[in-house]
$ cat work.pdb   # PDB, N, CA and C atoms
ATOM      1  N   MET A   1      11.462  51.590 -72.300
ATOM      2  CA  MET A   1      10.182  51.112 -71.832
ATOM      3  C   MET A   1       9.038  51.755 -72.613
ATOM      4  N   ALA A   2       9.223  52.985 -73.080
ATOM      5  CA  ALA A   2       8.155  53.685 -73.786
ATOM      6  C   ALA A   2       8.025  53.225 -75.237
ATOM      7  N   LYS A   3       9.032  52.552 -75.751
ATOM      8  CA  LYS A   3       9.039  52.052 -77.133
ATOM      9  C   LYS A   3       8.831  53.162 -78.156
ATOM     10  N   VAL A   4       9.530  54.270 -77.956
ATOM     11  CA  VAL A   4       9.476  55.386 -78.897
ATOM     12  C   VAL A   4      10.873  55.603 -79.488
ATOM     13  N   PRO A   5      10.954  56.114 -80.707
ATOM     14  CA  PRO A   5      12.270  56.367 -81.294
ATOM     15  C   PRO A   5      12.946  57.570 -80.650
ATOM     16  N   VAL A   6      14.248  57.653 -80.846
ATOM     17  CA  VAL A   6      15.050  58.773 -80.341
ATOM     18  C   VAL A   6      15.442  59.636 -81.534
ATOM     19  N   LEU A   7      15.299  60.947 -81.398
ATOM     20  CA  LEU A   7      15.708  61.876 -82.444
ATOM     21  C   LEU A   7      16.993  62.563 -81.995
ATOM     22  N   PRO A   8      18.146  62.170 -82.560
ATOM     23  CA  PRO A   8      19.405  62.795 -82.144
ATOM     24  C   PRO A   8      19.555  64.189 -82.763
ATOM     25  N   ILE A   9      19.986  65.129 -81.936
ATOM     26  CA  ILE A   9      20.195  66.505 -82.394
ATOM     27  C   ILE A   9      21.515  67.007 -81.819
ATOM     28  N   ALA A  10      22.390  67.500 -82.696
ATOM     29  CA  ALA A  10      23.649  68.110 -82.257
ATOM     30  C   ALA A  10      23.459  69.620 -82.243
ATOM     31  N   ILE A  11      23.880  70.255 -81.172
ATOM     32  CA  ILE A  11      23.772  71.707 -81.021
ATOM     33  C   ILE A  11      25.184  72.253 -80.844
ATOM     34  N   LYS A  12      25.572  73.182 -81.712
ATOM     35  CA  LYS A  12      26.915  73.766 -81.642
ATOM     36  C   LYS A  12      26.817  75.276 -81.448
ATOM     37  N   GLY A  13      27.787  75.826 -80.757
ATOM     38  CA  GLY A  13      27.883  77.265 -80.588
ATOM     39  C   GLY A  13      27.253  77.808 -79.323
ATOM     40  N   THR A  14      26.730  76.948 -78.467
ATOM     41  CA  THR A  14      26.059  77.436 -77.259
ATOM     42  C   THR A  14      27.036  78.104 -76.299
ATOM     43  N   SER A  15      28.269  77.618 -76.234
ATOM     44  CA  SER A  15      29.237  78.207 -75.302
ATOM     45  C   SER A  15      29.698  79.588 -75.774
ATOM     46  N   ILE A  16      29.538  79.866 -77.066
ATOM     47  CA  ILE A  16      29.875  81.196 -77.590
ATOM     48  C   ILE A  16      28.692  82.145 -77.384
ATOM     49  N   ALA A  17      27.488  81.629 -77.613
ATOM     50  CA  ALA A  17      26.289  82.457 -77.473
ATOM     51  C   ALA A  17      26.033  82.844 -76.020
ATOM     52  N   LEU A  18      26.334  81.938 -75.104
ATOM     53  CA  LEU A  18      26.142  82.222 -73.678
ATOM     54  C   LEU A  18      27.310  81.623 -72.898
ATOM     55  N   PRO A  19      28.438  82.343 -72.855
ATOM     56  CA  PRO A  19      29.599  81.830 -72.125
ATOM     57  C   PRO A  19      29.296  81.628 -70.647
ATOM     58  N   ARG A  20      30.030  80.716 -70.043
ATOM     59  CA  ARG A  20      29.862  80.423 -68.620
ATOM     60  C   ARG A  20      30.010  81.704 -67.806
ATOM     61  N   GLY A  21      29.076  81.913 -66.892
ATOM     62  CA  GLY A  21      29.111  83.079 -66.025
ATOM     63  C   GLY A  21      28.296  84.254 -66.549
ATOM     64  N   ASN A  22      27.978  84.272 -67.837
ATOM     65  CA  ASN A  22      27.155  85.358 -68.401
ATOM     66  C   ASN A  22      25.683  85.025 -68.210
ATOM     67  N   ILE A  23      24.878  86.071 -68.100
ATOM     68  CA  ILE A  23      23.438  85.837 -67.985
ATOM     69  C   ILE A  23      22.678  86.380 -69.195
ATOM     70  N   ILE A  24      23.343  87.161 -70.018
ATOM     71  CA  ILE A  24      22.707  87.706 -71.219
ATOM     72  C   ILE A  24      23.392  87.092 -72.450
ATOM     73  N   PRO A  25      22.627  86.387 -73.275
ATOM     74  CA  PRO A  25      23.234  85.758 -74.447
ATOM     75  C   PRO A  25      23.556  86.776 -75.545
ATOM     76  N   LYS A  26      24.499  86.401 -76.412
ATOM     77  CA  LYS A  26      24.828  87.199 -77.589
ATOM     78  C   LYS A  26      23.829  86.816 -78.678
ATOM     79  N   PHE A  27      23.151  87.801 -79.223
ATOM     80  CA  PHE A  27      22.125  87.532 -80.227
ATOM     81  C   PHE A  27      22.727  87.617 -81.631
ATOM     82  N   LYS A  28      23.485  86.615 -81.970
ATOM     83  CA  LYS A  28      24.075  86.491 -83.301
ATOM     84  C   LYS A  28      23.732  85.104 -83.816
ATOM     85  N   LYS A  29      23.954  84.901 -85.090
ATOM     86  CA  LYS A  29      23.693  83.582 -85.669
ATOM     87  C   LYS A  29      24.883  82.671 -85.395
ATOM     88  N   ILE A  30      25.018  82.276 -84.131
ATOM     89  CA  ILE A  30      26.146  81.473 -83.678
ATOM     90  C   ILE A  30      25.732  80.022 -83.466
ATOM     91  N   VAL A  31      24.566  79.818 -82.915
ATOM     92  CA  VAL A  31      24.104  78.484 -82.552
ATOM     93  C   VAL A  31      23.535  77.782 -83.778
ATOM     94  N   THR A  32      24.001  76.543 -84.003
ATOM     95  CA  THR A  32      23.490  75.745 -85.122
ATOM     96  C   THR A  32      22.986  74.402 -84.601
ATOM     97  N   PHE A  33      22.022  73.869 -85.305
ATOM     98  CA  PHE A  33      21.433  72.578 -84.971
ATOM     99  C   PHE A  33      21.578  71.657 -86.163
ATOM    100  N   LYS A  34      21.885  70.408 -85.905
ATOM    101  CA  LYS A  34      21.888  69.405 -86.959
ATOM    102  C   LYS A  34      21.059  68.229 -86.450
ATOM    103  N   VAL A  35      19.994  67.927 -87.168
ATOM    104  CA  VAL A  35      19.049  66.896 -86.754
ATOM    105  C   VAL A  35      19.330  65.616 -87.531
ATOM    106  N   GLY A  36      19.409  64.514 -86.815
ATOM    107  CA  GLY A  36      19.660  63.223 -87.435
ATOM    108  C   GLY A  36      18.375  62.477 -87.751
ATOM    109  N   GLU A  37      18.528  61.232 -88.134
ATOM    110  CA  GLU A  37      17.397  60.357 -88.418
ATOM    111  C   GLU A  37      16.899  59.737 -87.120
ATOM    112  N   LEU A  38      15.625  59.385 -87.106
ATOM    113  CA  LEU A  38      15.075  58.698 -85.937
ATOM    114  C   LEU A  38      15.828  57.390 -85.695
ATOM    115  N   MET A  39      16.085  57.114 -84.439
ATOM    116  CA  MET A  39      16.772  55.872 -84.059
ATOM    117  C   MET A  39      15.761  54.961 -83.358
ATOM    118  N   TYR A  40      15.637  53.749 -83.868
ATOM    119  CA  TYR A  40      14.709  52.772 -83.298
ATOM    120  C   TYR A  40      15.496  51.708 -82.551
ATOM    121  N   PHE A  41      14.943  51.215 -81.479
ATOM    122  CA  PHE A  41      15.622  50.227 -80.645
ATOM    123  C   PHE A  41      14.745  49.001 -80.425
ATOM    124  N   ASN A  42      14.088  48.571 -81.503
ATOM    125  CA  ASN A  42      13.166  47.434 -81.433
ATOM    126  C   ASN A  42      13.811  46.168 -80.881
ATOM    127  N   LYS A  43      15.080  45.951 -81.186
ATOM    128  CA  LYS A  43      15.723  44.696 -80.757
ATOM    129  C   LYS A  43      15.899  44.621 -79.236
ATOM    130  N   TYR A  44      15.712  45.731 -78.552
ATOM    131  CA  TYR A  44      15.860  45.734 -77.098
ATOM    132  C   TYR A  44      14.537  45.549 -76.359
ATOM    133  N   TYR A  45      13.427  45.638 -77.085
ATOM    134  CA  TYR A  45      12.120  45.499 -76.442
ATOM    135  C   TYR A  45      11.985  44.106 -75.843
ATOM    136  N   GLY A  46      11.461  44.043 -74.642
ATOM    137  CA  GLY A  46      11.225  42.760 -73.991
ATOM    138  C   GLY A  46      12.434  42.219 -73.243
ATOM    139  N   LYS A  47      13.599  42.864 -73.387
ATOM    140  CA  LYS A  47      14.789  42.412 -72.666
ATOM    141  C   LYS A  47      14.798  43.033 -71.271
ATOM    142  N   PRO A  48      15.376  42.320 -70.310
ATOM    143  CA  PRO A  48      15.469  42.906 -68.968
ATOM    144  C   PRO A  48      16.383  44.135 -68.986
ATOM    145  N   ILE A  49      15.991  45.155 -68.257
ATOM    146  CA  ILE A  49      16.766  46.392 -68.212
ATOM    147  C   ILE A  49      17.922  46.203 -67.239
ATOM    148  N   THR A  50      19.129  46.297 -67.780
ATOM    149  CA  THR A  50      20.345  46.174 -66.970
ATOM    150  C   THR A  50      21.228  47.392 -67.230
ATOM    151  N   LYS A  51      22.234  47.565 -66.398
ATOM    152  CA  LYS A  51      23.184  48.663 -66.606
ATOM    153  C   LYS A  51      23.896  48.507 -67.937
ATOM    154  N   ILE A  52      24.217  47.275 -68.302
ATOM    155  CA  ILE A  52      24.915  47.012 -69.570
ATOM    156  C   ILE A  52      24.031  47.396 -70.754
ATOM    157  N   LEU A  53      22.759  47.031 -70.703
ATOM    158  CA  LEU A  53      21.829  47.357 -71.772
ATOM    159  C   LEU A  53      21.661  48.866 -71.901
ATOM    160  N   LEU A  54      21.478  49.555 -70.786
ATOM    161  CA  LEU A  54      21.327  51.002 -70.812
ATOM    162  C   LEU A  54      22.581  51.687 -71.334
ATOM    163  N   ARG A  55      23.751  51.193 -70.973
ATOM    164  CA  ARG A  55      25.012  51.757 -71.460
ATOM    165  C   ARG A  55      25.122  51.569 -72.971
ATOM    166  N   GLU A  56      24.730  50.415 -73.485
ATOM    167  CA  GLU A  56      24.804  50.133 -74.917
ATOM    168  C   GLU A  56      23.907  51.098 -75.707
ATOM    169  N   ILE A  57      22.687  51.280 -75.232
ATOM    170  CA  ILE A  57      21.754  52.183 -75.910
ATOM    171  C   ILE A  57      22.257  53.620 -75.822
ATOM    172  N   THR A  58      22.699  54.037 -74.651
ATOM    173  CA  THR A  58      23.222  55.392 -74.462
ATOM    174  C   THR A  58      24.403  55.658 -75.376
ATOM    175  N   THR A  59      25.307  54.699 -75.478
ATOM    176  CA  THR A  59      26.479  54.854 -76.333
ATOM    177  C   THR A  59      26.075  55.021 -77.792
ATOM    178  N   LYS A  60      25.101  54.260 -78.260
ATOM    179  CA  LYS A  60      24.641  54.389 -79.650
ATOM    180  C   LYS A  60      24.087  55.788 -79.903
ATOM    181  N   VAL A  61      23.283  56.281 -78.984
ATOM    182  CA  VAL A  61      22.692  57.617 -79.153
ATOM    183  C   VAL A  61      23.778  58.688 -79.107
ATOM    184  N   MET A  62      24.674  58.601 -78.146
ATOM    185  CA  MET A  62      25.718  59.611 -78.005
ATOM    186  C   MET A  62      26.695  59.607 -79.176
ATOM    187  N   LYS A  63      26.999  58.441 -79.708
ATOM    188  CA  LYS A  63      27.873  58.376 -80.888
ATOM    189  C   LYS A  63      27.226  59.043 -82.090
ATOM    190  N   GLU A  64      25.921  58.875 -82.236
ATOM    191  CA  GLU A  64      25.223  59.518 -83.349
ATOM    192  C   GLU A  64      25.200  61.033 -83.180
ATOM    193  N   ILE A  65      24.972  61.507 -81.968
ATOM    194  CA  ILE A  65      24.998  62.951 -81.711
ATOM    195  C   ILE A  65      26.394  63.505 -81.989
ATOM    196  N   ALA A  66      27.416  62.800 -81.554
ATOM    197  CA  ALA A  66      28.794  63.227 -81.805
ATOM    198  C   ALA A  66      29.086  63.257 -83.301
ATOM    199  N   ARG A  67      28.611  62.260 -84.032
ATOM    200  CA  ARG A  67      28.826  62.210 -85.483
ATOM    201  C   ARG A  67      28.168  63.420 -86.153
ATOM    202  N   LEU A  68      26.958  63.752 -85.731
ATOM    203  CA  LEU A  68      26.261  64.906 -86.299
ATOM    204  C   LEU A  68      27.014  66.198 -86.031
ATOM    205  N   GLY A  69      27.678  66.287 -84.886
ATOM    206  CA  GLY A  69      28.422  67.489 -84.506
ATOM    207  C   GLY A  69      29.886  67.448 -84.905
ATOM    208  N   ASN A  70      30.254  66.481 -85.753
ATOM    209  CA  ASN A  70      31.656  66.316 -86.190
ATOM    210  C   ASN A  70      32.621  66.200 -85.012
ATOM    211  N   GLN A  71      32.206  65.388 -84.028
ATOM    212  CA  GLN A  71      33.037  65.160 -82.852
ATOM    213  C   GLN A  71      33.156  63.651 -82.611
ATOM    214  N   ARG A  72      33.941  63.295 -81.612
ATOM    215  CA  ARG A  72      34.067  61.900 -81.213
ATOM    216  C   ARG A  72      33.454  61.732 -79.838
ATOM    217  N   TYR A  73      32.850  60.571 -79.625
ATOM    218  CA  TYR A  73      32.293  60.260 -78.304
ATOM    219  C   TYR A  73      33.176  59.212 -77.665
ATOM    220  N   ASN A  74      33.730  59.553 -76.520
ATOM    221  CA  ASN A  74      34.551  58.620 -75.753
ATOM    222  C   ASN A  74      33.944  58.473 -74.381
ATOM    223  N   PHE A  75      33.503  57.280 -74.064
ATOM    224  CA  PHE A  75      32.973  57.006 -72.721
ATOM    225  C   PHE A  75      34.032  56.254 -71.950
ATOM    226  N   ASN A  76      34.379  56.775 -70.798
ATOM    227  CA  ASN A  76      35.373  56.080 -69.946
ATOM    228  C   ASN A  76      34.746  55.700 -68.655
TER     229      ASN A  76
END
$ encode --input "work.pdb" --output "structure tokens"
Amino acid sequence: MAKVPVLPIAIKGTSIALPRGNIIPKFKKIVTFKVGELMYFNKYYGKPITKILLREITTKVMKEIARLGNQRYNFN
């Protein structure tokens, strides 16, 4: 609805820097960021918002984030 692009960013190493249950992070160069290209969704403007449409857009964004992080995105 806002008609703004999405900037996909993959973040790796967060579970090592701050493991579950810890409150103090490890201050090492563990966390890395990989920034992708802006994603535009012009072809969806003006279409009625449905669950199917939202799922399609979400899947595109999540697949790009997974690609940046050298992972696979599986939605079930």
$ closest_residue --input "work.pdb" --among "A:Ile30, A:Val4, A:Val35, A:Ala17" --to "Ala66 (chain A)" --atoms "only C-alpha atoms"
A:Val35
$ closest_residue --input "work.pdb" --among "A:Leu53, A:Ala10, A:Gly46, A:Ile24" --to "Arg67 (chain A)" --atoms "all atoms listed in the file"
A:Ala10
$ select_by_dssp --input "work.pdb" --residues "chain A" --states "strand (DSSP E or B)" --output "list in words"
Val6, Ile9, Ala10, Ile11, Lys12, Thr32, Phe33, Lys34, Val35 and Met39 of chain A
$ write_last_selection --input "work.pdb" --atoms "N, CA and C atoms" --output "PDB file, in the frame of the given file"
ATOM      1  N   VAL A   6      14.248  57.653 -80.846  1.00  0.00           N
ATOM      2  CA  VAL A   6      15.050  58.773 -80.341  1.00  0.00           C
ATOM      3  C   VAL A   6      15.442  59.636 -81.534  1.00  0.00           C
ATOM      4  N   ILE A   9      19.986  65.129 -81.936  1.00  0.00           N
ATOM      5  CA  ILE A   9      20.195  66.505 -82.394  1.00  0.00           C
ATOM      6  C   ILE A   9      21.515  67.007 -81.819  1.00  0.00           C
ATOM      7  N   ALA A  10      22.390  67.500 -82.696  1.00  0.00           N
ATOM      8  CA  ALA A  10      23.649  68.110 -82.257  1.00  0.00           C
ATOM      9  C   ALA A  10      23.459  69.620 -82.243  1.00  0.00           C
ATOM     10  N   ILE A  11      23.880  70.255 -81.172  1.00  0.00           N
ATOM     11  CA  ILE A  11      23.772  71.707 -81.021  1.00  0.00           C
ATOM     12  C   ILE A  11      25.184  72.253 -80.844  1.00  0.00           C
ATOM     13  N   LYS A  12      25.572  73.182 -81.712  1.00  0.00           N
ATOM     14  CA  LYS A  12      26.915  73.766 -81.642  1.00  0.00           C
ATOM     15  C   LYS A  12      26.817  75.276 -81.448  1.00  0.00           C
ATOM     16  N   THR A  32      24.001  76.543 -84.003  1.00  0.00           N
ATOM     17  CA  THR A  32      23.490  75.745 -85.122  1.00  0.00           C
ATOM     18  C   THR A  32      22.986  74.402 -84.601  1.00  0.00           C
ATOM     19  N   PHE A  33      22.022  73.869 -85.305  1.00  0.00           N
ATOM     20  CA  PHE A  33      21.433  72.578 -84.971  1.00  0.00           C
ATOM     21  C   PHE A  33      21.578  71.657 -86.163  1.00  0.00           C
ATOM     22  N   LYS A  34      21.885  70.408 -85.905  1.00  0.00           N
ATOM     23  CA  LYS A  34      21.888  69.405 -86.959  1.00  0.00           C
ATOM     24  C   LYS A  34      21.059  68.229 -86.450  1.00  0.00           C
ATOM     25  N   VAL A  35      19.994  67.927 -87.168  1.00  0.00           N
ATOM     26  CA  VAL A  35      19.049  66.896 -86.754  1.00  0.00           C
ATOM     27  C   VAL A  35      19.330  65.616 -87.531  1.00  0.00           C
ATOM     28  N   MET A  39      16.085  57.114 -84.439  1.00  0.00           N
ATOM     29  CA  MET A  39      16.772  55.872 -84.059  1.00  0.00           C
ATOM     30  C   MET A  39      15.761  54.961 -83.358  1.00  0.00           C
TER      31      MET A  39
END
$ closest_residue --input "work.pdb" --among "A:Lys34, A:Arg55, A:Lys47, A:Arg72" --to "Pro8 (chain A)" --atoms "only C-alpha atoms"
A:Lys34
$ residues_around --input "work.pdb" --residues "Thr14 (chain A)" --least-positions-apart "2" --cutoff "6.5 Å" --atoms "only N, CA and C atoms" --output "MDAnalysis selection string"
chainID A and resid 11:12 16:19 30:32
$ closest_residue --input "work.pdb" --among "A:Phe75, A:Leu38, A:Leu68, A:Phe33" --to "Pro5 (chain A)" --atoms "all atoms listed in the file"
A:Leu38
$ axis_aligned_box --input "work.pdb" --around "region 31-45 of chain A" --padding-each-side "3 Å" --output "lines of an AutoDock Vina configuration file"
center_x = 18.3
center_y = 62.0
center_z = -82.1
size_x = 18.6
size_y = 41.7
size_z = 18.6
$ select_by_dssp --input "work.pdb" --residues "region 1-48 of chain A" --states "alpha helix (DSSP H)" --output "list of chain:residue names"
A:Thr14, A:Ser15, A:Ile16, A:Ala17
$ atom_distance --input "work.pdb" --atom1 "atom C of Pro48 (chain A)" --atom2 "CA of Met62 (chain A)"
20.2 Å
$ atom_distance --input "work.pdb" --atom1 "atom C of Glu64 (chain A)" --atom2 "atom N of Ile9 (chain A)"
6.7 Å
$ atom_distance --input "work.pdb" --atom1 "CA of Lys43 (chain A)" --atom2 "CA of Met1 (chain A)"
12.3 Å
